[in-house]
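Notes to accompany the following structure.
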Amino acid sequence: MKKLVLSLLFVATLTFVGCSPTQKGAVTGGAAGAGIGALVAGDGNRGTGALIGGAIGGLAGAAVGSNQEKKQAQQQYGQPAPSQYGQPTPGYYGPRY
(Lines give C-alpha, C1' and ligand atoms only; values in the text may rest on other atoms or scores of the structure.)
Protein backbone atom coordinates (compact mmCIF):
# COMPACT_ATOMS: atom_id res chain seq x y z
CA MET A 1 0.00 0.00 0.00
CA LYS A 2 2.84 2.34 0.88
CA LYS A 3 4.55 1.71 -2.48
CA LEU A 4 1.31 2.40 -4.34
CA VAL A 5 0.84 5.76 -2.63
CA LEU A 6 4.45 6.76 -3.27
CA SER A 7 4.26 5.76 -6.92
CA LEU A 8 1.01 7.70 -7.37
CA LEU A 9 2.58 10.79 -5.79
CA PHE A 10 5.62 10.43 -8.07
CA VAL A 11 3.46 10.17 -11.19
CA ALA A 12 1.33 13.11 -10.04
CA THR A 13 4.40 15.32 -9.66
CA LEU A 14 5.66 14.37 -13.12
CA THR A 15 2.37 15.39 -14.73
CA PHE A 16 2.81 18.98 -13.52
CA VAL A 17 6.33 19.44 -14.88
CA GLY A 18 5.39 20.94 -18.25
CA CYS A 19 2.23 22.77 -17.20
CA SER A 20 1.65 26.49 -17.01
CA PRO A 21 0.34 28.04 -13.79
CA THR A 22 -3.11 28.31 -15.39
CA GLN A 23 -3.19 24.59 -16.14
CA LYS A 24 -1.87 23.67 -12.69
CA GLY A 25 -4.52 25.85 -11.07
CA ALA A 26 -7.29 24.32 -13.17
CA VAL A 27 -6.29 20.76 -12.29
CA THR A 28 -5.76 21.49 -8.61
CA GLY A 29 -8.99 23.49 -8.34
CA GLY A 30 -10.94 20.83 -10.20
CA ALA A 31 -9.68 18.05 -7.95
CA ALA A 32 -10.31 20.04 -4.78
CA GLY A 33 -13.74 21.14 -6.01
CA ALA A 34 -14.73 17.58 -6.89
CA GLY A 35 -13.71 16.36 -3.45
CA ILE A 36 -15.52 19.14 -1.64
CA GLY A 37 -18.58 18.77 -3.88
CA ALA A 38 -18.77 15.06 -3.14
CA LEU A 39 -18.50 15.69 0.60
CA VAL A 40 -21.08 18.47 0.66
CA ALA A 41 -23.63 16.61 -1.47
CA GLY A 42 -25.96 14.16 0.19
CA ASP A 43 -25.63 10.38 0.07
CA GLY A 44 -27.65 10.02 -3.11
CA ASN A 45 -26.07 12.92 -5.00
CA ARG A 46 -22.31 12.48 -4.53
CA GLY A 47 -21.60 12.09 -8.25
CA THR A 48 -23.54 15.19 -9.16
CA GLY A 49 -21.91 17.16 -6.34
CA ALA A 50 -18.46 16.04 -7.47
CA LEU A 51 -19.23 17.01 -11.06
CA ILE A 52 -20.53 20.46 -10.18
CA GLY A 53 -17.78 21.08 -7.60
CA GLY A 54 -15.10 19.96 -10.05
CA ALA A 55 -16.36 22.30 -12.76
CA ILE A 56 -16.57 25.29 -10.43
CA GLY A 57 -13.24 24.48 -8.81
CA GLY A 58 -11.57 24.06 -12.20
CA LEU A 59 -12.78 27.45 -13.38
CA ALA A 60 -11.75 29.14 -10.14
CA GLY A 61 -8.36 27.43 -10.17
CA ALA A 62 -7.76 28.46 -13.78
CA ALA A 63 -8.59 32.06 -12.90
CA VAL A 64 -6.15 32.05 -9.99
CA GLY A 65 -3.45 30.40 -12.11
CA SER A 66 -3.96 32.90 -14.91
CA ASN A 67 -3.57 35.74 -12.44
CA GLN A 68 -0.34 34.21 -11.14
CA GLU A 69 0.92 33.80 -14.69
CA LYS A 70 0.25 37.47 -15.43
CA LYS A 71 2.04 38.53 -12.24
CA GLN A 72 5.04 36.39 -13.16
CA ALA A 73 5.18 37.99 -16.61
CA GLN A 74 5.03 41.47 -15.06
CA GLN A 75 7.84 40.64 -12.66
CA GLN A 76 9.96 39.04 -15.36
CA TYR A 77 9.65 41.82 -17.90
CA GLY A 78 9.11 44.71 -15.51
CA GLN A 79 5.92 45.93 -17.16
CA PRO A 80 2.38 44.71 -17.71
CA ALA A 81 1.59 42.77 -20.84
CA PRO A 82 -0.54 44.33 -23.59
CA SER A 83 -4.21 43.48 -23.64
CA GLN A 84 -5.58 40.92 -26.06
CA TYR A 85 -7.45 43.53 -28.10
CA GLY A 86 -4.41 45.41 -29.35
CA GLN A 87 -4.83 48.38 -27.05
CA PRO A 88 -2.06 48.80 -24.52
CA THR A 89 -2.97 48.47 -20.88
CA PRO A 90 -2.38 51.50 -18.66
CA GLY A 91 1.31 51.79 -17.86
CA TYR A 92 2.47 49.70 -20.82
CA TYR A 93 4.76 51.55 -23.22
CA GLY A 94 5.97 48.70 -25.43
CA PRO A 95 5.15 47.99 -29.06
CA ARG A 96 1.64 46.98 -30.11
CA TYR A 97 1.32 43.47 -31.49
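Naming scheme: A, B, ... for chains in displayed order of the C-alpha coordinates; residues 1 onward per chain; ligands 1 onward as shown.
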Query raised in the report: Neighbours of A:Gly29 within 9 Å (only C-alpha atoms; same-chain residues fewer than 4 positions away dropped), as a list in words?
Result: Lys24, Gly25, Gly33, Ala34, Gly54, Ala55, Ile56, Gly57, Gly58, Leu59, Ala60, Gly61 and Ala62 of chain A
Query raised in the report: Closest to A:Ala63 among A:Ala41, A:Leu51, A:Val27, A:Val5, using only C-alpha atoms?
Result: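 Selected residue with least distance to A:Ala63: A:Val27.
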Query raised in the report: To one decimal place, how far is atom CA of A:Asn45 from atom CA of A:Thr28 in Å?
Result: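 Between atom CA of A:Asn45 and atom CA of A:Thr28 the gap works out to 22.3 Å.
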Report task. Please identify all polymer residues within 8 Å of stretch 67-72 of chain A, counting only C-alpha atoms, omitting same-chain residues fewer than 2 positions from it, and present them as JSON, numbers by chain. Result -> {"A": [20, 21, 22, 63, 64, 65, 74, 75, 76, 80, 81]}
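Going from atom CA of A:Leu39 to atom CA of A:Gly53 covers 9.8 Å.
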